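Below is one structure, written out as structure tokens; comments come after it.
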Amino acid sequence: MQLLDGKLLSENIKAELAAEVALIRERNGKIPHLAAVLIGDNAASEVYVNSKIRSCEQIGFKSSLIRRPADTPENEVLDIVRRLNEDPDVDGFIVQLPLPKHIDEEKITLAIDHRKDVDGFHPINFGRMAQGMPAFLPATPYGIVEILRRYNIETSGKHCVVVGRSNIVGTPISILLSRKGYPGDCTVTLTHSRTRDLPAEVRRADIVVAAIGIPEFVKGDWIKEGAVVIDVGINRIPDASKKSGSRLVGDVDFDSVAPKCSHITPVPGGVGLMTVTALLMNTLKACKKQVYE
């Protein structure tokens with residue numbers, strides 16, 4: 001069994017990005033600028049946004065953080081989005097989800113200029129991705145694709161089972177892995193909480209992508225010998241043996257699944273770190289106008 005080390009990969013990719021930014025700076029070119037909008041004080045969002053800012057500093061990107069309290073009116077958030085859309089120095093930006101309940105997430109997503117949508121959530125980017133056109137890919141699926149590519153995991157003709165159908169991970173990764181080319185050319189089954197006999201579906205998989213948001217949901221007896229397992233989940237569960245009183249686990253029961261795998265992503269240290277890195281990759285593409293002129 002080989003660990004698919006997201007931490008090592010993300011550091012390697014960040015070194016590549018830093019070298020490219022150094023060249024841009026040497027030529028007095030436009031330095032990539034990523035902005036983040038954080039509404040409220042969701043602890044997980046705080047950690048994620050801070051990770052993005054640290055990563056930007058690490059590779060030489062410009063970064064901006066716009067913070068507002070949880071009771072910020074929706075029209076004020078829309079105004080922030082409008083200003084970022086119009087700011088020529090900002091190459092890409094994200095509005096961190098989830099938003100407070102009084103703010104319509106769909107309305108905010110639709111208000112973002114698709115040319116600056118480095119999270120890849122806008123329907124224009126999603127639709128272009130589905131048709132195999134140049135697009136900003138959703139960050140987590142993009143990270144998964146890079147893990148498969150850089151570890152040279154064979155995908156052509158393989159049966160991939162995706163567990164979870166969210167628009168952020170499950171549905172887009174099912175599209176990406178079924179597309180022509182590498183990594184792709186998979187036969188993909190998209191499963192979810194209503195799938196009949198879910199363990200039987202997963203047992204057929206050469207590649208499993210677990211993104212259902214339930215701690216340690218996928219068990220060892222669900223996994224075919226030699227399968228590749230990509231665990232997208234990040235769940236905090238109680239653990240009295242830890243100083244914090246809790247620990248992070250994925251959507252896969254690692255202890256029972258890992259012995260049966262050829263490759264598996266750990267949690268933490270797997271897909272999560274690659275999600276942030278994919279966001280930086282999209283921002284560089286936006287700065288260089290590789291997707292949209």
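If you're wondering about the labels, chains in the structure tokens are A, B, ... by order shown, residues count from 1 in each chain, ligands from 1 in order shown.
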
Tell me which protein, DNA and RNA residues are within 7 Å of segment 224-241 of chain A, counting only C-alpha atoms, leaving out same-chain ones fewer than 5 positions away, and put them as a PyMOL selection string. chain A and resi 203-211+213+215+246-252+260-265+267+271

(message) Env of Glu154 of chain A: 9 Å cut, atoms = only C-alpha atoms, seq-sep filter 5 positions within chain, self excluded. Answer as a ChimeraX atom specification.
(response) /A:148-149,182-184

* Would you kindly return, as a ChimeraX atom specification, each protein, DNA or RNA residue with an atom no farther than 10 Å from any atom of Asp89 of chain A, considering only C-alpha atoms and excluding same-chain residues fewer than 3 positions away? => /A:30-34,62,84-86,92,287

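Counting only C-alpha atoms and comparing A:Val291, A:Val169, A:Ala278, A:Ala36, the residue that lies closest to Leu17 of chain A is A:Ala278.
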
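Of the residues under consideration (A:Leu190, A:Val257, A:Ile80, A:Ala130), A:Val257 shows the shortest atom-to-atom contact distance to Met1 of chain A when counting only C-alpha atoms.
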
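Minimum atom-to-atom distances from A:Lys107, A:His159, A:Arg196, A:Lys180 to Leu78 of chain A were compared using only C-alpha atoms, and the lowest value belongs to A:Lys107.
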
message = Can you tell me, as a count of residues only, which residues in segment 36-152 of chain A count as alpha helix (DSSP H) by DSSP?
response = 57

Can you tell me, as a PDB file with C-alpha atoms, in the first residue's frame, what residues are no more than 9 Å from Ile173 of chain A when counting only C-alpha atoms, ignoring any on the same chain fewer than 4 positions away?
ATOM      1  CA  PRO A 138     -13.574  23.151  -8.954  1.00  0.00           C
ATOM      2  CA  THR A 140     -11.089  19.801  -4.833  1.00  0.00           C
ATOM      3  CA  PRO A 141     -11.710  17.759  -8.022  1.00  0.00           C
ATOM      4  CA  TYR A 142      -8.767  19.581  -9.639  1.00  0.00           C
ATOM      5  CA  ILE A 144      -7.769  14.915  -7.018  1.00  0.00           C
ATOM      6  CA  VAL A 145      -6.945  14.916 -10.740  1.00  0.00           C
ATOM      7  CA  VAL A 162     -17.755   8.108  -6.543  1.00  0.00           C
ATOM      8  CA  ILE A 168     -18.522  20.798  -5.202  1.00  0.00           C
ATOM      9  CA  VAL A 169     -16.872  17.358  -5.371  1.00  0.00           C
ATOM     10  CA  LEU A 177     -12.766  11.082 -14.667  1.00  0.00           C
ATOM     11  CA  SER A 178     -15.162  10.033 -17.441  1.00  0.00           C
ATOM     12  CA  VAL A 209     -13.578   8.599  -4.450  1.00  0.00           C
TER      13      VAL A 209
END

What's the 10 Å shell around Gly181 of chain A, counting only C-alpha atoms, without same-chain residues fewer than 4 positions away, as a short mmCIF file (atom, residue, chain, number, x, y, z; two decimals) with N, CA and C atoms, in the first residue's frame?
data_model
loop_
_atom_site.label_atom_id
_atom_site.label_comp_id
_atom_site.auth_asym_id
_atom_site.auth_seq_id
_atom_site.Cartn_x
_atom_site.Cartn_y
_atom_site.Cartn_z
N THR A 155 -5.81 5.18 -15.12
CA THR A 155 -7.25 5.43 -15.06
C THR A 155 -8.00 4.88 -16.27
N SER A 156 -7.33 4.76 -17.40
CA SER A 156 -8.01 4.36 -18.64
C SER A 156 -8.66 2.98 -18.49
N LEU A 176 -15.06 14.68 -14.68
CA LEU A 176 -13.65 14.76 -15.06
C LEU A 176 -13.04 13.39 -15.33
N LEU A 177 -13.38 12.40 -14.50
CA LEU A 177 -12.77 11.08 -14.67
C LEU A 177 -13.39 10.28 -15.81
N ASP A 185 -10.97 8.68 -18.92
CA ASP A 185 -11.32 7.45 -19.63
C ASP A 185 -11.79 6.35 -18.68
N CYS A 186 -12.31 6.77 -17.51
CA CYS A 186 -12.88 5.81 -16.57
C CYS A 186 -14.35 5.54 -16.93
#

Taken to one decimal, the atom CA of Thr72 of chain A-atom CA of Asp41 of chain A distance is 11.8 Å
